[in-house]
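Here is start_17.cif, consisting of mmCIF, C-alpha atoms:
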data_final
#
loop_
_atom_site.label_atom_id
_atom_site.label_comp_id
_atom_site.auth_asym_id
_atom_site.auth_seq_id
_atom_site.Cartn_x
_atom_site.Cartn_y
_atom_site.Cartn_z
CA MET A 1 0.00 0.00 0.00
CA LYS A 2 2.94 2.32 0.61
CA LEU A 3 3.88 2.07 -3.04
CA ILE A 4 0.31 2.91 -4.07
CA GLY A 5 0.68 6.13 -2.07
CA ILE A 6 3.97 6.85 -3.79
CA ILE A 7 2.39 6.21 -7.18
CA LEU A 8 -0.48 8.61 -6.43
CA PHE A 9 1.97 11.24 -5.19
CA LEU A 10 4.19 10.89 -8.28
CA PHE A 11 1.26 11.18 -10.66
CA SER A 12 -0.31 14.19 -8.93
CA SER A 13 3.10 15.94 -8.79
CA TRP A 14 3.58 15.24 -12.49
CA MET A 15 0.15 16.66 -13.28
CA VAL A 16 0.87 19.89 -11.38
CA ALA A 17 4.29 20.25 -13.03
CA SER A 18 2.82 19.61 -16.48
CA ASP A 19 0.11 22.23 -16.00
CA HIS A 20 2.70 24.85 -15.02
CA SER A 21 4.79 23.96 -18.05
CA HIS A 22 1.75 24.16 -20.32
CA ASP A 23 0.85 27.60 -18.96
CA HIS A 24 4.30 28.90 -19.89
CA MET A 25 4.02 27.44 -23.38
CA ASP A 26 0.64 29.07 -23.97
CA HIS A 27 1.96 32.43 -22.82
CA SER A 28 4.90 32.18 -25.19
CA ASP A 29 2.64 31.31 -28.11
CA MET A 30 0.30 34.19 -27.39
CA MET A 31 3.22 36.61 -27.38
CA HIS A 32 3.96 35.69 -30.98
CA HIS A 33 0.43 35.38 -32.21
CA SER A 34 0.76 38.42 -34.47
CA HIS A 35 2.79 36.22 -36.82
CA GLU A 36 -0.18 33.94 -37.42
CA GLY A 37 -0.46 33.32 -41.14
CA HIS A 38 -3.04 30.53 -41.43
CA ALA A 39 -0.49 28.46 -43.33
CA HIS A 40 -2.74 25.41 -43.01
CA GLU A 41 -4.98 26.90 -45.70
CA GLU A 42 -2.19 26.74 -48.29
CA LEU A 43 -2.12 24.12 -51.01
CA VAL A 44 1.03 22.00 -51.20
CA ASP A 45 1.58 20.52 -54.67
CA GLY A 46 -2.10 21.06 -55.36
CA GLU A 47 -3.21 19.20 -52.24
CA LYS A 48 -4.73 20.76 -49.16
CA LEU A 49 -2.95 20.13 -45.90
CA GLU A 50 -4.89 17.65 -43.81
CA VAL A 51 -3.95 19.00 -40.41
CA ASN A 52 -5.74 20.19 -37.32
CA PRO A 53 -5.86 23.91 -38.28
CA GLU A 54 -5.74 25.25 -34.75
CA ARG A 55 -2.84 23.04 -33.78
CA PHE A 56 -0.93 23.80 -36.96
CA ASP A 57 -1.35 27.58 -36.62
CA LYS A 58 -0.21 27.38 -33.01
CA PHE A 59 2.81 25.33 -34.09
CA VAL A 60 3.96 27.80 -36.74
CA ALA A 61 3.11 30.94 -34.76
CA THR A 62 6.57 31.14 -33.21
CA LEU A 63 8.44 30.11 -36.37
CA SER A 64 10.05 32.28 -38.99
CA ASN A 65 12.44 31.55 -41.85
CA ALA A 66 11.57 27.89 -41.45
CA GLN A 67 10.01 24.99 -43.30
CA VAL A 68 7.65 22.47 -41.77
CA ALA A 69 7.54 18.84 -42.81
CA VAL A 70 4.00 17.53 -42.36
CA VAL A 71 4.51 13.78 -42.16
CA SER A 72 1.65 11.29 -42.50
CA VAL A 73 2.09 8.42 -40.06
CA LYS A 74 0.27 5.11 -39.76
CA GLY A 75 -0.22 3.45 -36.38
CA MET A 76 0.03 6.61 -34.30
CA VAL A 77 -3.08 6.00 -32.23
CA CYS A 78 -1.91 6.84 -28.74
CA ASP A 79 -0.22 9.81 -27.07
CA PHE A 80 1.96 7.62 -24.87
CA CYS A 81 3.12 5.58 -27.89
CA ALA A 82 3.96 8.71 -29.89
CA ARG A 83 6.27 10.11 -27.21
CA GLY A 84 9.24 8.27 -28.72
CA ILE A 85 8.77 10.14 -32.01
CA GLU A 86 9.19 13.46 -30.23
CA LYS A 87 12.21 12.19 -28.30
CA THR A 88 13.88 10.81 -31.44
CA PHE A 89 13.47 14.01 -33.45
CA GLN A 90 14.58 16.17 -30.54
CA LYS A 91 17.99 14.47 -30.71
CA ASP A 92 18.43 15.88 -34.24
CA LYS A 93 20.13 19.29 -34.04
CA ASN A 94 18.55 20.34 -37.35
CA VAL A 95 15.06 20.10 -35.86
CA LYS A 96 13.78 23.41 -34.52
CA LYS A 97 10.45 22.19 -33.19
CA ILE A 98 8.20 19.13 -33.29
CA ASP A 99 4.57 18.36 -32.57
CA VAL A 100 2.18 15.45 -33.00
CA ASP A 101 -1.32 15.80 -34.43
CA LEU A 102 -3.06 12.64 -33.23
CA SER A 103 -6.44 13.45 -34.75
CA GLN A 104 -5.00 13.64 -38.28
CA GLY A 105 -2.17 11.15 -37.86
CA LYS A 106 0.49 13.76 -38.65
CA VAL A 107 3.87 14.68 -37.22
CA LEU A 108 4.96 18.29 -37.69
CA VAL A 109 8.71 18.86 -37.84
CA ALA A 110 10.20 22.33 -38.30
CA PHE A 111 13.61 22.85 -39.89
CA ASP A 112 15.59 25.91 -40.99
CA LYS A 113 14.57 27.14 -44.41
CA GLY A 114 17.76 26.11 -46.19
CA PHE A 115 17.90 22.60 -44.76
CA ASP A 116 17.50 19.72 -47.22
CA ILE A 117 14.71 17.60 -45.72
CA ASN A 118 15.23 13.91 -46.41
CA PHE A 119 12.06 11.80 -46.31
CA GLU A 120 14.05 8.55 -45.98
CA ASP A 121 15.69 9.88 -42.82
CA ILE A 122 12.30 10.91 -41.45
CA LYS A 123 10.88 7.47 -42.25
CA LYS A 124 13.74 5.86 -40.30
CA LYS A 125 13.09 8.06 -37.28
CA ILE A 126 9.37 7.27 -37.32
CA LEU A 127 10.10 3.55 -37.74
CA ALA A 128 12.46 3.69 -34.74
CA ASN A 129 9.28 4.28 -32.74
CA GLY A 130 7.48 1.42 -34.48
CA GLN A 131 5.23 3.44 -36.79
CA ASN A 132 5.24 3.96 -40.56
CA ALA A 133 5.65 7.28 -42.36
CA THR A 134 3.67 7.15 -45.60
CA GLY A 135 3.97 10.64 -47.02
CA MET A 136 5.27 14.14 -46.48
CA GLN A 137 4.34 17.68 -47.46
CA ILE A 138 6.65 20.64 -46.91
CA VAL A 139 5.32 24.07 -46.03
CA SER A 140 7.51 27.19 -46.05
CA ILE A 141 6.90 29.59 -43.19
CA MET B 1 0.04 -27.88 -0.86
CA GLY B 2 -3.48 -26.50 -0.41
CA MET B 3 -2.18 -23.39 1.33
CA TYR B 4 0.31 -22.73 -1.47
CA ARG B 5 -2.45 -23.14 -4.06
CA TYR B 6 -4.55 -20.64 -2.13
CA ILE B 7 -1.67 -18.17 -1.99
CA LEU B 8 -0.83 -18.58 -5.65
CA PHE B 9 -4.46 -18.24 -6.62
CA PHE B 10 -4.75 -14.82 -4.99
CA TYR B 11 -1.31 -13.87 -6.23
CA ILE B 12 -2.44 -14.43 -9.79
CA ILE B 13 -5.78 -12.69 -9.40
CA ALA B 14 -4.06 -9.73 -7.83
CA SER B 15 -1.68 -9.14 -10.67
CA ILE B 16 -2.71 -6.52 -13.20
CA ASN B 17 -1.41 -6.09 -16.72
CA ILE B 18 2.20 -5.14 -16.09
CA GLU B 19 2.93 -6.32 -19.64
CA ALA B 20 1.25 -3.17 -20.99
CA ARG B 21 3.63 -1.12 -23.18
CA PRO B 22 6.32 -3.81 -22.98
CA ILE B 23 8.67 -2.21 -25.53
CA SER B 24 9.73 1.40 -25.88
CA TYR B 25 11.11 3.33 -28.88
CA SER B 26 14.63 2.54 -30.11
CA GLY B 27 17.05 3.60 -27.38
CA GLY B 28 14.26 4.32 -24.91
CA SER B 29 13.71 2.91 -21.48
CA THR B 30 10.78 2.57 -19.13
CA LEU B 31 10.37 2.37 -15.37
CA MET B 32 7.32 0.62 -13.95
CA MET B 33 6.10 0.28 -10.40
CA PHE B 34 3.32 -2.02 -9.37
CA SER B 35 1.65 -2.47 -6.02
CA ASP B 36 -1.21 -4.37 -4.46
CA ASN B 37 -1.92 -6.22 -1.22
CA MET B 38 0.20 -9.17 -2.39
CA LYS B 39 3.34 -7.67 -3.84
CA ASP B 40 5.35 -4.57 -4.68
CA SER B 41 7.34 -4.67 -7.89
CA ILE B 42 9.73 -2.38 -9.74
CA TYR B 43 10.52 -3.19 -13.37
CA TYR B 44 12.96 -1.37 -15.63
CA HIS B 45 13.40 -2.20 -19.28
CA PHE B 46 15.50 -0.89 -22.14
CA SER B 47 14.66 -1.20 -25.84
CA PRO B 48 17.67 -1.38 -28.20
CA THR B 49 15.14 -1.28 -31.05
CA TYR B 50 11.35 -1.01 -31.18
CA LYS B 51 11.32 -4.79 -31.76
CA TYR B 52 12.44 -5.95 -28.32
CA SER B 53 13.21 -4.95 -24.77
CA ILE B 54 15.31 -6.40 -21.98
CA GLY B 55 14.91 -5.59 -18.33
CA ILE B 56 15.03 -6.52 -14.70
CA GLU B 57 12.16 -6.77 -12.26
CA SER B 58 12.58 -6.68 -8.51
CA VAL B 59 9.69 -8.29 -6.67
CA LYS B 60 8.83 -7.97 -2.98
CA ASP B 61 6.29 -10.63 -2.20
CA ASN B 62 4.33 -9.26 0.76
CA TYR B 63 2.33 -12.44 1.30
CA LEU B 64 5.13 -15.01 1.19
CA ASN B 65 7.63 -12.54 2.61
CA ASN B 66 9.98 -13.38 -0.22
CA ASP B 67 12.15 -11.14 -2.41
CA TYR B 68 13.50 -12.09 -5.82
CA SER B 69 14.61 -10.56 -9.12
CA LEU B 70 13.71 -11.56 -12.66
CA LEU B 71 15.60 -10.97 -15.89
CA ARG B 72 12.94 -10.30 -18.49
CA ALA B 73 12.76 -10.00 -22.27
CA THR B 74 9.95 -9.13 -24.67
CA TYR B 75 9.94 -9.47 -28.47
CA LEU B 76 7.50 -7.93 -30.93
CA ILE B 77 6.70 -10.70 -33.40
CA ASN B 78 4.07 -8.85 -35.40
CA ARG B 79 2.77 -5.31 -35.75
CA LYS B 80 0.18 -3.93 -38.15
CA ASN B 81 -0.09 -0.16 -38.45
CA THR B 82 -3.03 1.41 -40.25
CA GLN B 83 -4.26 4.98 -40.43
CA TYR B 84 -6.56 4.53 -37.45
CA SER B 85 -5.31 1.48 -35.59
CA GLN B 86 -2.35 -0.53 -34.40
CA ARG B 87 -2.20 -4.27 -33.73
CA ASN B 88 0.64 -5.95 -31.82
CA LEU B 89 1.67 -9.47 -30.95
CA TYR B 90 4.44 -10.08 -28.40
CA ILE B 91 6.21 -12.99 -26.78
CA ASN B 92 7.96 -12.59 -23.45
CA ALA B 93 9.92 -14.56 -20.89
CA GLY B 94 11.48 -14.10 -17.47
CA LEU B 95 14.01 -15.96 -15.38
CA SER B 96 14.79 -15.55 -11.70
CA ILE B 97 18.38 -14.57 -10.99
CA ASN B 98 18.38 -16.50 -7.71
CA ASP B 99 16.59 -19.65 -8.85
CA THR B 100 16.29 -20.64 -12.52
CA SER B 101 13.39 -22.98 -11.73
CA ASN B 102 11.41 -19.80 -11.12
CA ASN B 103 10.58 -18.58 -14.63
CA PHE B 104 7.77 -17.70 -17.02
CA TYR B 105 7.03 -17.35 -20.73
CA GLY B 106 4.01 -16.07 -22.56
CA ILE B 107 2.35 -14.37 -25.47
CA HIS B 108 0.16 -11.31 -25.48
CA GLY B 109 -1.35 -8.98 -28.00
CA ASP B 110 -3.51 -5.95 -28.45
CA TRP B 111 -5.41 -3.95 -31.02
CA GLU B 112 -6.24 -0.33 -30.44
CA THR B 113 -7.63 2.76 -32.04
CA ARG B 114 -7.83 6.16 -30.39
CA ARG B 115 -11.25 5.11 -29.06
CA TRP B 116 -11.11 1.33 -28.50
CA PHE B 117 -8.70 -1.15 -26.98
CA VAL B 118 -8.73 -4.95 -27.00
CA GLY B 119 -5.97 -6.99 -25.40
CA PHE B 120 -5.30 -10.60 -24.49
CA GLY B 121 -2.51 -12.59 -22.88
CA PHE B 122 -1.39 -16.09 -21.97
CA LYS B 123 1.39 -16.81 -19.52
CA LYS B 124 2.93 -20.06 -18.27
CA LEU B 125 4.62 -19.78 -14.89
CA ASN B 126 6.96 -22.33 -13.35
CA ASN B 127 8.46 -22.56 -9.89
CA LYS B 128 9.37 -25.13 -7.27
CA ILE B 129 5.94 -25.09 -5.64
CA ILE B 130 3.57 -25.45 -8.59
CA ASP B 131 3.40 -24.78 -12.33
CA TYR B 132 0.35 -23.02 -13.68
CA ASP B 133 -0.86 -20.79 -16.48
CA GLN B 134 -2.98 -17.69 -16.66
CA LYS B 135 -4.90 -15.91 -19.39
CA HIS B 136 -6.64 -12.59 -19.60
CA LEU B 137 -8.80 -10.43 -21.84
CA GLN B 138 -9.06 -6.67 -21.56
CA LEU B 139 -11.45 -4.26 -23.25
CA GLY B 140 -11.26 -0.50 -23.07
CA VAL B 141 -12.93 2.64 -24.33
CA ALA B 142 -11.70 6.22 -24.24
CA PRO B 143 -14.61 8.43 -23.10
CA TYR B 144 -13.10 11.39 -24.96
CA LEU B 145 -10.32 11.80 -27.54
CA GLY B 146 -7.57 13.96 -26.12
CA GLU B 147 -4.95 15.65 -28.22
CA TYR B 148 -1.21 15.17 -27.87
CA GLY B 149 -0.14 16.48 -24.45
CA ASP B 150 -3.61 16.27 -22.89
CA LEU B 151 -4.60 14.05 -20.00
CA HIS B 152 -5.91 10.83 -21.56
CA THR B 153 -8.38 8.52 -19.83
CA TRP B 154 -9.37 4.93 -20.50
CA LEU B 155 -12.22 3.00 -18.93
CA MET B 156 -11.39 -0.67 -19.07
CA ILE B 157 -12.68 -4.01 -17.97
CA LYS B 158 -10.40 -6.96 -17.44
CA THR B 159 -11.23 -10.62 -17.04
CA LYS B 160 -8.76 -13.27 -15.89
CA LYS B 161 -8.58 -17.01 -15.46
CA ASN B 162 -5.86 -19.36 -14.28
CA SER B 163 -5.31 -23.10 -14.32
CA LEU B 164 -5.63 -23.31 -10.53
CA ASN B 165 -9.23 -22.23 -10.64
CA ASP B 166 -11.75 -22.42 -13.49
CA ASP B 167 -13.57 -19.21 -12.64
CA TRP B 168 -13.16 -16.01 -14.59
CA TYR B 169 -12.56 -12.94 -12.42
CA THR B 170 -13.65 -9.65 -13.90
CA TYR B 171 -12.90 -6.19 -12.59
CA PRO B 172 -12.77 -2.56 -13.75
CA VAL B 173 -9.52 -0.78 -14.54
CA LEU B 174 -9.01 2.96 -14.91
CA LYS B 175 -6.05 4.16 -16.92
CA PHE B 176 -4.70 7.71 -17.18
CA PHE B 177 -1.71 9.03 -19.04
CA LYS B 178 -0.19 12.41 -19.71
CA GLY B 179 3.18 13.05 -21.27
CA ASN B 180 5.62 10.37 -20.23
CA VAL B 181 3.57 9.17 -17.28
CA LEU B 182 0.94 6.45 -17.19
CA VAL B 183 -1.02 5.19 -14.18
CA GLU B 184 -3.51 2.36 -13.94
CA PHE B 185 -5.83 1.48 -11.07
CA GLY B 186 -7.81 -1.71 -10.78
CA TYR B 187 -10.25 -2.94 -8.18
CA ASN B 188 -11.34 -6.44 -7.32
CA ASP B 189 -13.54 -7.50 -4.38
CA GLU B 190 -11.05 -10.16 -3.32
CA THR B 191 -7.86 -8.16 -3.64
CA GLU B 192 -9.05 -4.56 -3.22
CA TRP B 193 -6.97 -1.82 -4.88
CA ASP B 194 -3.94 -2.24 -7.01
CA ALA B 195 -1.92 0.36 -8.89
CA HIS B 196 0.54 0.54 -11.74
CA PHE B 197 2.81 3.50 -12.51
CA MET B 198 4.93 3.89 -15.62
CA TYR B 199 7.45 6.50 -16.71
CA ARG B 200 9.00 6.48 -20.16
CA PHE B 201 12.45 8.04 -20.48
#
Go ahead and express the file in the form of structure tokens.
Amino acid sequence: MKLIGIILFLFSSWMVASDHSHDHMDHSDMMHHSHEGHAHEELVDGEKLEVNPERFDKFVATLSNAQVAVVSVKGMVCDFCARGIEKTFQKDKNVKKIDVDLSQGKVLVAFDKGFDINFEDIKKKILANGQNATGMQIVSI
Amino acid sequence: MGMYRYILFFYIIASINIEARPISYSGGSTLMMFSDNMKDSIYYHFSPTYKYSIGIESVKDNYLNNDYSLLRATYLINRKNTQYSQRNLYINAGLSINDTSNNFYGIHGDWETRRWFVGFGFKKLNNKIIDYDQKHLQLGVAPYLGEYGDLHTWLMIKTKKNSLNDDWYTYPVLKFFKGNVLVEFGYNDETEWDAHFMYRF
């Protein structure tokens, strides 16, 4: 029973810490909201971006002189399972920012504008987490 | 022998699905803690690739007043990813460091979407007292679909049976996860509360 108490304490502490962290992130995003460009409404190679518009706009709000790879991923059905994708991309120094759009099955990865995005490398990183990347669109910000 | 059967019976019923999320991402590791009225357990595993994990589990048996450690391994033998679902099939095994006659092997699998979860498992356990097997089925539904970073909730029901007793035991399980943390709580009339904590590094 002692361990149950510890488990409850750890989880509640984590929840409080996460909420504080989230508050800071929201504040930061709001500070840069004047840069909002509704990039999700753009057509990429004649195809509309299938992303969560609100999430995408929030993602790009703090970016400039960047390009975003919108990667379609199969098997990404759970937040906890997608955590490894974020951790893997964060190890790459060329990645400026990353987010996961669970509702659309997309991973958003921001790079500097001049960087040569390699889909094969992205596929390998997604596969390292056990999922399959099936396509990619690149949006300039 | 009857007393040992009784103890083992409750030991099995008490155990919840510690095999959940048995493999991490390539290079990732996971810490799990499990507790109920029968045992406290800490399990750490490392995944060299997304295909398998190796780890060690330290078990404090509160009922038998016995401590032991298991070397454990899990291998993903099949995975099917689709746009809206993932299906997995795993095999696993464990061996006590102190006594090799204390070991287990098994198979378990799951299929899940963002809304639904179905899981099953079969495990054969061997030790000096008695060999037995156990099987389980687990169904779950997410009452709402959270986005990445939100608090996620699962309402689940689990049913279990072992070779020492022919009855199925069914009980509710609540699962929450947010970020790298997952907790699971289950309740059974016989064993009362149990809890499972997981942190993914």
Q.
Need to verify the contact set: segment 80-85 of chain B, 6 Å, all atoms listed in the file, exclusion of same-chain residues closer than 3 positions in sequence. Can you return it as a ChimeraX atom specification?
A. /A:74-75 /B:112-113
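If you apply the PyMOL selection byres ((chain B and resi 23) around 10) to this structure, you end up with Cys81, Asn129 and Gly130 of chain A; Glu19, Ala20, Arg21, Pro22, Ser24, Tyr25, Ser26, Gly28, Ser29, Thr30, His45, Phe46, Ser47, Pro48, Thr49, Tyr50, Lys51, Tyr52, Ser53, Ile54, Ala73, Thr74, Tyr75, Leu76 and Tyr90 of chain B.
You will find atom CA of Lys175 of chain B at 17.1 Å from atom CA of Arg83 of chain A.
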As a compact mmCIF listing (two decimals) with C-alpha atoms, in the coordinates of the input, please: the residues near Ala142 of chain B (cut-off 8 Å, only C-alpha atoms, same-chain neighbours under 5 positions excluded).
# COMPACT_ATOMS: atom_id res chain seq x y z
CA ARG B 114 -7.83 6.16 -30.39
CA ARG B 115 -11.25 5.11 -29.06
CA TRP B 116 -11.11 1.33 -28.50
CA HIS B 152 -5.91 10.83 -21.56
CA THR B 153 -8.38 8.52 -19.83
CA TRP B 154 -9.37 4.93 -20.50
CA LEU B 155 -12.22 3.00 -18.93
**Q.** Protein/DNA/RNA residues near (6.6, 4.6, -40.7), cut 9 Å, all atoms listed in the file, as a PyMOL selection string
**A.** (chain A and resi 72-75+122-134) or (chain B and resi 81)
Restricting it to C-alpha atoms, dump the selection as a short mmCIF file (atom, residue, chain, number, x, y, z; two decimals), in the coordinates of the input.
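Saved result, again15.cif, follows:
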data_model
loop_
_atom_site.label_atom_id
_atom_site.label_comp_id
_atom_site.auth_asym_id
_atom_site.auth_seq_id
_atom_site.Cartn_x
_atom_site.Cartn_y
_atom_site.Cartn_z
CA SER A 72 1.65 11.29 -42.50
CA VAL A 73 2.09 8.42 -40.06
CA LYS A 74 0.27 5.11 -39.76
CA GLY A 75 -0.22 3.45 -36.38
CA ILE A 122 12.30 10.91 -41.45
CA LYS A 123 10.88 7.47 -42.25
CA LYS A 124 13.74 5.86 -40.30
CA LYS A 125 13.09 8.06 -37.28
CA ILE A 126 9.37 7.27 -37.32
CA LEU A 127 10.10 3.55 -37.74
CA ALA A 128 12.46 3.69 -34.74
CA ASN A 129 9.28 4.28 -32.74
CA GLY A 130 7.48 1.42 -34.48
CA GLN A 131 5.23 3.44 -36.79
CA ASN A 132 5.24 3.96 -40.56
CA ALA A 133 5.65 7.28 -42.36
CA THR A 134 3.67 7.15 -45.60
CA ASN B 81 -0.09 -0.16 -38.45
#
Q) Between B:Phe34, B:Tyr199, B:Trp193, B:Phe117, which is the closest to Lys178 of chain B once you count all atoms listed in the file? A) B:Tyr199
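Counting from atom CA of Val173 of chain B, the distance to atom CA of Asp79 of chain A is 18.9 Å.
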Q) Which of these, B:Asp110, B:Asp36, B:Glu184, B:Asp131, has the shortest distance to Arg79 of chain B once you count all atoms listed in the file? A)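 The shortest atom-to-atom distance to Arg79 of chain B comes from B:Asp110.
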Just want the 6 Å neighbourhood of segment 101-111 of chain A, counted on all atoms listed in the file, with same-chain residues fewer than 2 positions away dropped. Output as a PDB file with C-alpha atoms, keeping the file's coordinate frame.
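Once everything was written out, this is result14.pdb:
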ATOM      1  CA  VAL A  51      -3.950  19.000 -40.410  1.00  0.00           C
ATOM      2  CA  ALA A  66      11.570  27.890 -41.450  1.00  0.00           C
ATOM      3  CA  GLN A  67      10.010  24.990 -43.300  1.00  0.00           C
ATOM      4  CA  VAL A  68       7.650  22.470 -41.770  1.00  0.00           C
ATOM      5  CA  ALA A  69       7.540  18.840 -42.810  1.00  0.00           C
ATOM      6  CA  VAL A  70       4.000  17.530 -42.360  1.00  0.00           C
ATOM      7  CA  VAL A  71       4.510  13.780 -42.160  1.00  0.00           C
ATOM      8  CA  SER A  72       1.650  11.290 -42.500  1.00  0.00           C
ATOM      9  CA  VAL A  73       2.090   8.420 -40.060  1.00  0.00           C
ATOM     10  CA  VAL A  95      15.060  20.100 -35.860  1.00  0.00           C
ATOM     11  CA  LYS A  96      13.780  23.410 -34.520  1.00  0.00           C
ATOM     12  CA  LYS A  97      10.450  22.190 -33.190  1.00  0.00           C
ATOM     13  CA  ILE A  98       8.200  19.130 -33.290  1.00  0.00           C
ATOM     14  CA  ASP A  99       4.570  18.360 -32.570  1.00  0.00           C
TER      15      ASP A  99
END
**Q.** d(atom CA of Arg55 of chain A, atom CA of Thr88 of chain A) in Å
**A.**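 Interatomic distance, atom CA of Arg55 of chain A to atom CA of Thr88 of chain A: 20.8 Å.
If you measure from each of B:Ile77, B:Ala93, B:Ile157, B:Val59 to His136 of chain B using all atoms listed in the file, the closest one turns out to be B:Ile157.
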(Q) Under the PyMOL selection byres ((chain B and resi 32) around 7), which residues of this model are included? Write them out as a count of residues only. (A) 10
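Against this structure, the PyMOL selection byres ((chain B and resi 137) around 8) ends up with B:Val118, B:Gly119, B:Phe120, B:Gly121, B:Lys135, B:His136, B:Gln138, B:Leu139, B:Lys158, B:Thr159, B:Lys160.
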Q | Given only C-alpha atoms as the counted atoms, nearest of B:Leu151, B:Ile107, B:Leu125, B:Leu174 to chain A | A |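 Smallest distance to chain A is found for B:Leu151.
With all atoms listed in the file as the atoms that count, the residue of B:Gly186, B:Gly27, B:Gly94, B:Pro143 with the shortest distance to Ser58 of chain B is B:Gly94.
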Q. Nearest to chain B: which of A:Glu86, A:Asn52, A:Val100, A:Met136 is it, counting only C-alpha atoms?
A. A:Val100
